[in-house]
file my_file_11.csv (CSV, C-alpha atoms)
chain,number,residue,atom,x,y,z
A,1,MET,CA,8.9,-7.5,21.2
A,2,ASN,CA,5.4,-8.4,20.3
A,3,SER,CA,2.4,-7.3,22.4
A,4,THR,CA,-1.4,-7.7,22.0
A,5,CYS,CA,-4.2,-6.1,23.8
A,6,GLY,CA,-7.8,-5.6,22.7
A,7,SER,CA,-7.8,-4.5,19.1
A,8,LEU,CA,-4.1,-3.4,18.9
A,9,THR,CA,-1.0,-5.4,18.1
A,10,TYR,CA,2.4,-3.8,17.8
A,11,ALA,CA,5.9,-4.9,17.3
A,12,THR,CA,9.2,-3.0,17.9
A,13,GLU,CA,12.8,-3.8,17.0
A,14,THR,CA,15.2,-2.9,19.7
A,15,LEU,CA,18.2,-4.6,18.1
A,16,PRO,CA,21.8,-3.5,18.4
A,17,LEU,CA,23.7,-2.7,15.3
A,18,GLY,CA,26.4,-5.2,16.0
A,19,GLY,CA,27.3,-8.1,18.3
A,20,ALA,CA,25.6,-11.2,19.4
A,21,GLY,CA,22.1,-11.9,20.7
A,22,LYS,CA,20.1,-10.4,17.9
A,23,LYS,CA,16.7,-12.0,17.5
A,24,GLY,CA,14.2,-11.8,14.7
A,25,LEU,CA,10.5,-10.8,15.0
A,26,THR,CA,8.0,-13.5,15.8
A,27,GLY,CA,4.3,-14.2,15.1
A,28,GLU,CA,2.8,-12.1,12.3
A,29,TRP,CA,5.9,-10.0,12.1
A,30,GLY,CA,8.4,-12.4,10.6
A,31,ALA,CA,8.1,-15.9,12.0
A,32,GLY,CA,11.2,-15.6,14.1
A,33,ARG,CA,13.6,-14.9,11.3
A,34,ASP,CA,17.3,-14.4,12.2
A,35,LEU,CA,18.2,-11.0,10.9
A,36,GLY,CA,21.9,-11.9,10.7
A,37,ALA,CA,24.9,-10.0,12.0
A,38,SER,CA,25.4,-8.0,8.8
A,39,ALA,CA,21.8,-6.8,8.3
A,40,PRO,CA,21.9,-3.0,8.0
A,41,LEU,CA,19.4,-1.7,10.5
A,42,PRO,CA,18.2,1.9,10.8
A,43,THR,CA,19.6,3.6,13.9
A,44,THR,CA,16.2,5.0,14.8
A,45,GLY,CA,14.5,1.6,15.0
A,46,ARG,CA,11.5,0.5,13.0
A,47,LEU,CA,7.9,0.4,14.2
A,48,GLY,CA,4.8,-1.0,12.8
A,49,PHE,CA,1.2,-1.3,14.1
A,50,ILE,CA,-1.8,-3.5,13.4
A,51,ILE,CA,-5.1,-1.8,14.3
A,52,ARG,CA,-8.5,-3.5,13.9
A,53,PRO,CA,-11.2,-2.3,14.0
A,54,PRO,CA,-10.4,1.4,14.3
A,55,HIS,CA,-13.3,2.4,16.5
A,56,GLN,CA,-12.0,0.1,19.2
A,57,LEU,CA,-8.7,1.8,19.5
A,58,LEU,CA,-9.4,3.3,22.9
A,59,SER,CA,-9.6,-0.2,24.5
A,60,LEU,CA,-5.8,0.2,24.5
A,61,LEU,CA,-6.1,2.7,27.4
A,62,SER,CA,-7.7,0.2,29.7
A,63,CYS,CA,-5.3,-2.7,29.1
A,64,PRO,CA,-3.4,-3.5,32.3
A,65,GLY,CA,0.3,-3.9,31.9
A,66,LEU,CA,0.6,-2.7,28.3
A,67,ARG,CA,3.8,-0.9,27.7
A,68,ILE,CA,3.6,1.5,24.8
A,69,PRO,CA,6.9,1.6,22.9
A,70,ARG,CA,8.9,4.8,23.0
A,71,PHE,CA,8.3,5.7,19.3
A,72,SER,CA,4.6,4.9,19.3
A,73,VAL,CA,2.4,7.6,17.8
A,74,LEU,CA,-0.4,6.6,20.1
A,75,CYS,CA,1.1,8.3,23.1
A,76,ALA,CA,1.6,11.6,21.3
A,77,PRO,CA,-1.0,14.5,21.2
A,78,PRO,CA,-1.8,15.6,17.7
A,79,ARG,CA,0.3,18.8,18.1
A,80,LEU,CA,3.5,16.7,18.3
A,81,ARG,CA,3.3,16.0,14.6
A,82,THR,CA,4.9,19.3,13.9
A,83,MET,CA,7.0,19.7,17.1
A,84,ALA,CA,10.7,19.0,17.4
A,85,VAL,CA,11.3,16.2,19.9
A,86,SER,CA,14.4,14.3,21.1
A,87,SER,CA,13.9,11.2,19.0
A,88,SER,CA,14.5,11.4,15.3
A,89,SER,CA,11.9,8.7,14.8
A,90,TRP,CA,9.1,11.3,15.5
A,91,GLU,CA,10.4,13.2,12.4
A,92,LEU,CA,9.9,10.2,10.1
A,93,PRO,CA,6.7,10.3,8.0
A,94,LEU,CA,4.0,7.9,9.1
A,95,VAL,CA,1.9,6.1,6.5
A,96,ALA,CA,-1.4,4.2,7.0
A,97,VAL,CA,-2.3,1.1,4.9
A,98,CYS,CA,-6.0,0.4,4.8
A,99,GLN,CA,-7.6,-3.1,4.3
A,100,VAL,CA,-11.2,-3.4,3.3
A,101,THR,CA,-13.8,-5.8,2.0
A,102,SER,CA,-15.5,-4.0,-0.9
A,103,THR,CA,-18.9,-5.1,-2.1
A,104,PRO,CA,-21.2,-3.8,-4.9
A,105,ASP,CA,-22.6,-1.3,-2.3
A,106,LYS,CA,-20.6,1.9,-3.1
A,107,GLU,CA,-22.1,4.0,-0.3
A,108,GLN,CA,-21.2,1.5,2.4
A,109,ASN,CA,-17.7,1.0,0.9
A,110,PHE,CA,-17.1,4.8,1.1
A,111,LYS,CA,-18.3,4.8,4.8
A,112,THR,CA,-15.8,2.0,5.6
A,113,CYS,CA,-12.9,3.7,3.8
A,114,ALA,CA,-13.7,7.1,5.3
A,115,GLU,CA,-13.7,5.7,8.8
A,116,LEU,CA,-10.2,4.2,8.3
A,117,ILE,CA,-8.9,7.4,6.7
A,118,ARG,CA,-10.1,9.5,9.6
A,119,GLU,CA,-8.5,7.0,12.0
A,120,ALA,CA,-5.3,7.3,10.0
A,121,ALA,CA,-5.4,11.1,10.3
A,122,ARG,CA,-6.1,10.9,14.1
A,123,LEU,CA,-3.0,8.7,14.5
A,124,GLY,CA,-0.8,11.2,12.7
A,125,ALA,CA,-0.3,9.6,9.3
A,126,CYS,CA,0.6,11.9,6.4
A,127,LEU,CA,-0.7,9.5,3.7
A,128,ALA,CA,-3.3,6.8,3.6
A,129,PHE,CA,-3.3,4.0,1.0
A,130,LEU,CA,-6.5,2.3,-0.1
A,131,PRO,CA,-6.6,-1.0,-2.1
A,132,GLU,CA,-7.5,-1.8,-5.6
A,133,ALA,CA,-11.3,-1.6,-6.2
A,134,PHE,CA,-11.8,0.5,-3.0
A,135,ASP,CA,-14.9,1.9,-4.7
A,136,PHE,CA,-16.7,-1.4,-5.3
A,137,ILE,CA,-16.2,-5.1,-6.4
A,138,ALA,CA,-19.0,-6.1,-8.8
A,139,ARG,CA,-20.4,-9.5,-9.5
A,140,ASP,CA,-19.9,-9.4,-13.3
A,141,PRO,CA,-18.6,-7.1,-16.1
A,142,ALA,CA,-22.1,-5.6,-16.7
A,143,GLU,CA,-22.4,-4.5,-13.1
A,144,THR,CA,-18.8,-3.1,-13.2
A,145,ARG,CA,-19.7,-1.0,-16.2
A,146,ARG,CA,-22.9,0.2,-14.6
A,147,LEU,CA,-21.3,1.2,-11.3
A,148,SER,CA,-18.3,2.9,-12.8
A,149,GLU,CA,-17.8,6.7,-12.9
A,150,PRO,CA,-15.6,9.3,-14.5
A,151,LEU,CA,-12.9,10.9,-12.4
A,152,GLY,CA,-15.1,14.0,-12.1
A,153,GLY,CA,-18.0,12.1,-10.7
A,154,ASN,CA,-19.6,12.1,-7.3
A,155,LEU,CA,-17.4,9.5,-5.6
A,156,LEU,CA,-14.1,11.2,-6.3
A,157,GLU,CA,-15.6,14.5,-5.1
A,158,GLU,CA,-16.4,12.8,-1.8
A,159,TYR,CA,-12.8,11.6,-1.5
A,160,THR,CA,-11.6,15.1,-2.4
A,161,GLN,CA,-13.6,16.6,0.4
A,162,LEU,CA,-12.3,13.9,2.8
A,163,ALA,CA,-8.7,14.6,1.9
A,164,ARG,CA,-9.2,18.3,2.7
A,165,GLU,CA,-11.1,17.5,5.9
A,166,CYS,CA,-8.4,15.3,7.2
A,167,GLY,CA,-5.4,17.2,5.8
A,168,LEU,CA,-4.2,13.8,4.4
A,169,TRP,CA,-2.7,12.6,1.1
A,170,LEU,CA,-4.6,9.7,-0.3
A,171,SER,CA,-3.6,6.8,-2.6
A,172,LEU,CA,-6.8,5.6,-4.1
A,173,GLY,CA,-5.6,2.3,-5.3
A,174,GLY,CA,-7.9,1.3,-8.2
A,175,PHE,CA,-10.8,3.4,-9.2
A,176,HIS,CA,-13.2,2.0,-11.9
A,177,GLU,CA,-12.8,5.0,-14.3
A,178,ARG,CA,-15.0,5.9,-17.2
A,179,GLY,CA,-12.4,7.5,-19.4
A,180,GLN,CA,-12.8,9.9,-22.3
A,181,ASP,CA,-13.3,7.0,-24.7
A,182,TRP,CA,-16.2,5.5,-22.6
A,183,GLU,CA,-18.8,6.2,-25.3
A,184,GLN,CA,-16.9,4.4,-27.9
A,185,THR,CA,-15.5,1.4,-25.9
A,186,GLN,CA,-18.0,0.9,-23.1
A,187,LYS,CA,-15.0,-0.2,-21.1
A,188,ILE,CA,-13.3,1.3,-18.1
A,189,TYR,CA,-9.7,1.9,-16.8
A,190,ASN,CA,-8.4,0.6,-13.5
A,191,CYS,CA,-7.1,3.9,-12.4
A,192,HIS,CA,-4.8,4.6,-9.4
A,193,VAL,CA,-5.4,8.2,-8.2
A,194,ILE,CA,-3.3,10.3,-5.9
A,195,LEU,CA,-4.9,13.2,-4.0
A,196,ASN,CA,-2.9,15.7,-2.1
A,197,ASN,CA,-4.0,17.1,1.3
A,198,MET,CA,-5.9,19.9,-0.5
A,199,GLY,CA,-8.0,17.3,-2.4
A,200,SER,CA,-6.4,17.9,-5.8
A,201,VAL,CA,-5.6,15.1,-8.2
A,202,VAL,CA,-1.8,15.2,-8.5
A,203,ALA,CA,-1.3,11.8,-10.3
A,204,THR,CA,-3.2,9.1,-12.2
A,205,TYR,CA,-1.9,5.8,-13.4
A,206,ARG,CA,-4.0,3.4,-15.4
A,207,LYS,CA,-3.2,-0.3,-14.8
A,208,THR,CA,-1.1,-1.5,-17.8
A,209,HIS,CA,-1.1,-5.3,-17.1
A,210,LEU,CA,-4.6,-6.8,-17.0
A,211,CYS,CA,-5.3,-10.0,-15.1
A,212,ASP,CA,-6.6,-12.5,-17.5
A,213,VAL,CA,-5.7,-15.8,-15.8
A,214,GLU,CA,-7.2,-19.2,-15.0
A,215,ILE,CA,-6.0,-20.5,-11.6
A,216,PRO,CA,-7.3,-23.9,-10.5
A,217,GLY,CA,-9.3,-23.5,-7.3
A,218,GLN,CA,-9.6,-19.7,-7.7
A,219,GLY,CA,-11.8,-19.4,-10.7
A,220,PRO,CA,-11.1,-17.6,-14.0
A,221,MET,CA,-10.3,-13.9,-14.1
A,222,ARG,CA,-10.9,-11.9,-17.2
A,223,GLU,CA,-10.2,-8.3,-16.4
A,224,SER,CA,-10.1,-7.3,-20.1
A,225,ASN,CA,-13.8,-8.1,-20.4
A,226,SER,CA,-14.5,-4.7,-18.8
A,227,THR,CA,-11.2,-2.9,-18.7
A,228,ILE,CA,-8.8,-1.3,-21.1
A,229,PRO,CA,-5.0,-1.5,-20.3
A,230,GLY,CA,-3.4,1.9,-19.6
A,231,PRO,CA,-1.1,3.3,-22.3
A,232,SER,CA,1.9,4.4,-20.2
A,233,LEU,CA,3.6,4.5,-16.8
A,234,GLU,CA,3.4,7.6,-14.5
A,235,SER,CA,6.6,9.3,-13.3
A,236,PRO,CA,7.0,9.0,-9.5
A,237,ILE,CA,5.1,11.7,-7.6
A,238,SER,CA,6.6,13.6,-4.7
A,239,THR,CA,4.6,13.2,-1.4
A,240,PRO,CA,5.3,14.0,2.2
A,241,ALA,CA,6.4,10.3,2.6
A,242,GLY,CA,8.8,10.3,-0.4
A,243,LYS,CA,8.6,9.8,-4.2
A,244,ILE,CA,5.9,7.2,-5.0
A,245,GLY,CA,5.9,5.0,-8.0
A,246,LEU,CA,2.4,3.9,-9.0
A,247,ALA,CA,1.3,0.4,-9.9
A,248,VAL,CA,-1.8,-1.8,-9.4
A,249,CYS,CA,-2.0,-5.5,-8.2
A,250,TYR,CA,-1.0,-7.7,-11.2
A,251,ASP,CA,1.6,-5.2,-12.2
A,252,MET,CA,3.8,-6.6,-9.3
A,253,ARG,CA,4.5,-9.7,-11.4
A,254,PHE,CA,6.5,-7.6,-14.0
A,255,PRO,CA,9.8,-6.4,-12.5
A,256,GLU,CA,10.5,-4.3,-15.5
A,257,LEU,CA,7.8,-1.8,-14.4
A,258,SER,CA,9.3,-1.5,-10.9
A,259,LEU,CA,12.9,-1.1,-12.3
A,260,ALA,CA,11.7,1.7,-14.6
A,261,LEU,CA,10.0,3.5,-11.7
A,262,VAL,CA,13.1,3.3,-9.4
A,263,GLN,CA,15.3,4.5,-12.2
A,264,ALA,CA,12.9,7.4,-12.5
A,265,GLY,CA,13.5,8.3,-8.8
A,266,ALA,CA,10.9,6.2,-6.9
A,267,GLU,CA,11.6,5.6,-3.2
A,268,ILE,CA,8.2,3.9,-2.5
A,269,LEU,CA,6.5,1.5,-4.7
A,270,THR,CA,2.8,0.9,-4.1
A,271,TYR,CA,0.8,-2.1,-5.2
A,272,PRO,CA,-2.9,-1.7,-4.2
A,273,SER,CA,-4.4,-5.2,-4.8
A,274,ALA,CA,-7.2,-7.7,-4.6
A,275,PHE,CA,-5.2,-11.0,-4.6
A,276,GLY,CA,-7.1,-14.3,-4.7
A,277,SER,CA,-7.2,-17.1,-2.1
A,278,VAL,CA,-4.9,-19.4,-4.1
A,279,THR,CA,-2.3,-17.0,-5.4
A,280,GLY,CA,-2.3,-15.0,-2.2
A,281,PRO,CA,-0.7,-17.5,0.1
A,282,ALA,CA,1.7,-18.7,-2.6
A,283,HIS,CA,2.9,-15.4,-4.1
A,284,TRP,CA,1.7,-12.3,-2.3
A,285,GLU,CA,4.5,-11.7,0.3
A,286,VAL,CA,7.2,-13.3,-1.9
A,287,LEU,CA,6.5,-10.9,-4.8
A,288,LEU,CA,6.3,-7.8,-2.6
A,289,ARG,CA,9.5,-8.6,-0.8
A,290,ALA,CA,11.2,-9.3,-4.1
A,291,ARG,CA,10.2,-6.0,-5.5
A,292,ALA,CA,11.5,-4.2,-2.4
A,293,ILE,CA,14.8,-6.0,-2.4
A,294,GLU,CA,15.6,-5.7,-6.2
A,295,THR,CA,14.7,-1.9,-6.3
A,296,GLN,CA,15.8,-1.0,-2.7
A,297,CYS,CA,12.5,0.8,-2.2
A,298,TYR,CA,9.8,0.7,0.4
A,299,VAL,CA,6.8,-1.3,-0.9
A,300,VAL,CA,3.3,-0.4,0.3
A,301,ALA,CA,0.6,-2.9,-0.5
A,302,ALA,CA,-3.0,-2.2,0.6
A,303,ALA,CA,-5.2,-5.2,0.0
A,304,GLN,CA,-8.8,-6.3,-0.3
A,305,CYS,CA,-9.8,-9.1,2.2
A,306,GLY,CA,-12.6,-11.5,2.9
A,307,ARG,CA,-15.7,-12.3,0.9
A,308,HIS,CA,-17.1,-9.6,-1.4
A,309,HIS,CA,-20.1,-11.5,-2.6
A,310,GLU,CA,-21.0,-15.0,-3.6
A,311,LYS,CA,-18.6,-15.0,-6.5
A,312,ARG,CA,-15.4,-13.6,-5.1
A,313,ALA,CA,-13.1,-13.4,-2.1
A,314,SER,CA,-9.7,-11.8,-1.5
A,315,TYR,CA,-6.6,-12.8,0.5
A,316,GLY,CA,-5.9,-9.6,2.5
A,317,HIS,CA,-2.6,-9.4,4.4
A,318,SER,CA,-1.9,-5.7,3.6
A,319,MET,CA,1.7,-4.9,4.4
A,320,VAL,CA,4.7,-2.5,4.2
A,321,VAL,CA,8.1,-3.9,3.3
A,322,ASP,CA,11.3,-1.9,3.8
A,323,PRO,CA,14.2,-1.7,1.3
A,324,TRP,CA,16.0,-4.7,3.0
A,325,GLY,CA,13.0,-6.9,2.3
A,326,THR,CA,11.7,-6.9,5.9
A,327,VAL,CA,7.9,-6.8,6.5
A,328,VAL,CA,7.7,-3.9,9.0
A,329,ALA,CA,3.9,-3.7,9.2
A,330,ARG,CA,1.1,-6.1,8.4
A,331,CYS,CA,-2.7,-6.0,8.8
A,332,SER,CA,-4.4,-8.8,10.7
A,333,GLU,CA,-7.5,-10.6,9.4
A,334,GLY,CA,-10.5,-8.5,8.4
A,335,PRO,CA,-10.9,-4.8,7.6
A,336,GLY,CA,-8.5,-2.4,9.4
A,337,LEU,CA,-5.2,-0.6,9.0
A,338,CYS,CA,-1.6,-0.9,9.8
A,339,LEU,CA,1.0,1.9,10.2
A,340,ALA,CA,4.7,2.3,9.3
A,341,ARG,CA,7.3,5.0,9.3
A,342,ILE,CA,9.3,5.7,6.1
A,343,ASP,CA,13.0,6.2,6.7
A,344,LEU,CA,14.5,7.6,3.6
A,345,ASN,CA,17.9,8.1,5.2
A,346,TYR,CA,17.9,4.3,5.8
A,347,LEU,CA,17.0,3.7,2.2
A,348,GLN,CA,19.9,5.9,1.0
A,349,GLN,CA,22.3,4.3,3.4
A,350,LEU,CA,21.3,0.8,2.1
A,351,ARG,CA,21.7,1.9,-1.6
A,352,LYS,CA,25.2,3.1,-0.8
A,353,GLN,CA,26.1,-0.1,1.0
A,354,LEU,CA,24.7,-2.3,-1.7
A,355,PRO,CA,25.0,-0.3,-4.9
A,356,VAL,CA,23.3,-2.7,-7.3
A,357,PHE,CA,22.2,-0.1,-9.8
A,358,GLN,CA,25.8,0.9,-10.3
A,359,HIS,CA,26.7,-2.8,-11.0
A,360,ARG,CA,24.2,-3.5,-13.7
A,361,ARG,CA,25.4,-4.7,-17.1
A,362,PRO,CA,23.1,-3.5,-19.8
A,363,ASP,CA,25.8,-4.4,-22.3
A,364,LEU,CA,25.0,-8.1,-21.5
A,365,TYR,CA,21.3,-8.2,-21.0
A,366,GLY,CA,19.9,-4.8,-22.1
A,367,ASN,CA,18.4,-2.2,-19.9
A,368,LEU,CA,15.5,-4.0,-18.2
A,369,GLY,CA,12.9,-1.5,-17.3
A,370,HIS,CA,13.9,1.5,-19.4
A,371,PRO,CA,13.9,4.8,-17.4
A,372,LEU,CA,10.9,6.9,-18.0
A,373,SER,CA,11.3,9.9,-20.3
call {"tool": "encode", "arguments": {"input": "my_file_11.csv", "output": "structure tokens"}}
result
Amino acid sequence: MNSTCGSLTYATETLPLGGAGKKGLTGEWGAGRDLGASAPLPTTGRLGFIIRPPHQLLSLLSCPGLRIPRFSVLCAPPRLRTMAVSSSSWELPLVAVCQVTSTPDKEQNFKTCAELIREAARLGACLAFLPEAFDFIARDPAETRRLSEPLGGNLLEEYTQLARECGLWLSLGGFHERGQDWEQTQKIYNCHVILNNMGSVVATYRKTHLCDVEIPGQGPMRESNSTIPGPSLESPISTPAGKIGLAVCYDMRFPELSLALVQAGAEILTYPSAFGSVTGPAHWEVLLRARAIETQCYVVAAAQCGRHHEKRASYGHSMVVDPWGTVVARCSEGPGLCLARIDLNYLQQLRKQLPVFQHRRPDLYGNLGHPLS
């Protein structure tokens, strides 16, 4: 079922586990794909929302004839987050994926992100994901270097306070970090930072694959002009939603990285991104679904969207993909957020039904994506 009213679009799956008459989702939620009789569906159902813009959410209440689905967090008072209720779907962790249009204005970027994070907290999310370059997108390498900060700078302190205020874990998808070698190199790291709900930094990953490409119609990208590649991968970090493997944008093109993360215990892979207008339509969803299917992980991809300044624009289409490869939540056009529940029981069930990691043949092709030490 798909419904739209005001600023809210939602979709629910109410499909039986067997028998005839199953239908795929339509519109933004899957273009009417036939899920097939053998597709393993979670018994609790799956639910995703699109919300844009967040301050218009209350228009939902005045929409005549709108039927809120049984598992919708919107019909639950905040106290129900910790109450036992009849449906197990309420017990599944809810994550929020934020989509923004960063500019060189760091103060305005923070205000936009903070509004989405507070909305995510109001809706009951335990973790909010921000895209790559959530802090700013500069016009050139010189401006990037000028606007960058160390992890102990003012901007991260603001996000630390925001995490504490909202009681929310934050995935800060790509922070322009002045590292300890800043004075020597005058270059930054593209750093993915995880804050817990107390505002503490619990994980950092510095992007290892830099995007130095020339795509006709999209303009050249030379990330290495201002950025140093990270030296290592980060072991998956335990969060209220599951064990998260950290990556950034261009990293999604290297399946060895995702295979290493899943062999180290990842249940959720996250690819905060700023995809371009040419590679986005061609590769974005295909790559994210491929990473989900081959690793049997949830994939969460918060994205930049729209025009940042006269030199750059991004594709958007932030989404969550489940371990079967189904897009279960997707942002609409423009800044906003989408929500999805993470069902780790479903993930484990799928891995038992389709035990691909037990069937690998490293004796034939080596161990692609060596497990992290």
call {"tool": "closest_residue", "arguments": {"input": "my_file_11.csv", "among": "A:Gly199, A:Lys311, A:Thr160, A:His192", "to": "Pro220 (chain A)", "atoms": "all atoms listed in the file"}}
result
A:Lys311
call {"tool": "residues_around", "arguments": {"input": "my_file_11.csv", "residues": "Tyr315 (chain A)", "least_positions_apart": "6", "cutoff": "10 Å", "atoms": "all atoms listed in the file", "output": "PDB file with C-alpha atoms, keeping the file's coordinate frame"}}
result
ATOM      1  CA  SER A 273      -4.400  -5.200  -4.800  1.00  0.00           C
ATOM      2  CA  ALA A 274      -7.200  -7.700  -4.600  1.00  0.00           C
ATOM      3  CA  PHE A 275      -5.200 -11.000  -4.600  1.00  0.00           C
ATOM      4  CA  GLY A 276      -7.100 -14.300  -4.700  1.00  0.00           C
ATOM      5  CA  SER A 277      -7.200 -17.100  -2.100  1.00  0.00           C
ATOM      6  CA  VAL A 278      -4.900 -19.400  -4.100  1.00  0.00           C
ATOM      7  CA  THR A 279      -2.300 -17.000  -5.400  1.00  0.00           C
ATOM      8  CA  GLY A 280      -2.300 -15.000  -2.200  1.00  0.00           C
ATOM      9  CA  PRO A 281      -0.700 -17.500   0.100  1.00  0.00           C
ATOM     10  CA  TRP A 284       1.700 -12.300  -2.300  1.00  0.00           C
ATOM     11  CA  ALA A 303      -5.200  -5.200   0.000  1.00  0.00           C
ATOM     12  CA  GLN A 304      -8.800  -6.300  -0.300  1.00  0.00           C
ATOM     13  CA  CYS A 305      -9.800  -9.100   2.200  1.00  0.00           C
ATOM     14  CA  GLY A 306     -12.600 -11.500   2.900  1.00  0.00           C
ATOM     15  CA  ARG A 307     -15.700 -12.300   0.900  1.00  0.00           C
ATOM     16  CA  GLU A 333      -7.500 -10.600   9.400  1.00  0.00           C
ATOM     17  CA  GLY A 334     -10.500  -8.500   8.400  1.00  0.00           C
TER      18      GLY A 334
END
call {"tool": "residues_around", "arguments": {"input": "my_file_11.csv", "residues": "Val202 (chain A)", "least_positions_apart": "4", "cutoff": "8 Å", "atoms": "all atoms listed in the file", "output": "ChimeraX atom specification"}}
result
/A:193-196,237
call {"tool": "residues_around", "arguments": {"input": "my_file_11.csv", "residues": "Pro323 (chain A)", "least_positions_apart": "3", "cutoff": "7 Å", "atoms": "all atoms listed in the file", "output": "PyMOL selection string"}}
result
chain A and resi 292-293+296-298+347
call {"tool": "closest_residue", "arguments": {"input": "my_file_11.csv", "among": "A:Gly173, A:Gly369, A:Pro150, A:Gly245", "to": "Ala302 (chain A)", "atoms": "all atoms listed in the file"}}
result
A:Gly173
call {"tool": "closest_residue", "arguments": {"input": "my_file_11.csv", "among": "A:Met198, A:Thr227, A:Gly325, A:Glu214", "to": "Asp181 (chain A)", "atoms": "all atoms listed in the file"}}
result
A:Thr227
call {"tool": "closest_residue", "arguments": {"input": "my_file_11.csv", "among": "A:Thr144, A:Gln348, A:Asn197, A:Asn154", "to": "Gly265 (chain A)", "atoms": "all atoms listed in the file"}}
result
A:Gln348
call {"tool": "atom_distance", "arguments": {"input": "my_file_11.csv", "atom1": "CA of Cys191 (chain A)", "atom2": "CA of Leu127 (chain A)"}}
result
18.2 Å
call {"tool": "atom_distance", "arguments": {"input": "my_file_11.csv", "atom1": "CA of Glu310 (chain A)", "atom2": "CA of Gln218 (chain A)"}}
result
13.0 Å
call {"tool": "closest_residue", "arguments": {"input": "my_file_11.csv", "among": "A:Arg222, A:Arg312, A:His209, A:Arg145", "to": "Gln186 (chain A)", "atoms": "all atoms listed in the file"}}
result
A:Arg145
call {"tool": "closest_residue", "arguments": {"input": "my_file_11.csv", "among": "A:Ile117, A:Ala301, A:Leu94, A:Leu372", "to": "Arg330 (chain A)", "atoms": "all atoms listed in the file"}}
result
A:Ala301
call {"tool": "residues_near_point", "arguments": {"input": "my_file_11.csv", "point": "(13.4, 7.4, -14.8)", "cutoff": "12 Å", "atoms": "all atoms listed in the file", "output": "list of chain:residue names"}}
result
A:Leu233, A:Glu234, A:Ser235, A:Pro236, A:Ile237, A:Lys243, A:Gly245, A:Leu257, A:Ser258, A:Leu259, A:Ala260, A:Leu261, A:Val262, A:Gln263, A:Ala264, A:Gly265, A:Ala266, A:Glu267, A:Asn367, A:Gly369, A:His370, A:Pro371, A:Leu372, A:Ser373
call {"tool": "atom_distance", "arguments": {"input": "my_file_11.csv", "atom1": "CA of Val321 (chain A)", "atom2": "CA of Ala203 (chain A)"}}
result
22.8 Å
call {"tool": "residues_around", "arguments": {"input": "my_file_11.csv", "residues": "Asn225 (chain A)", "least_positions_apart": "6", "cutoff": "9 Å", "atoms": "all atoms listed in the file", "output": "ChimeraX atom specification"}}
result
/A:141,187,212
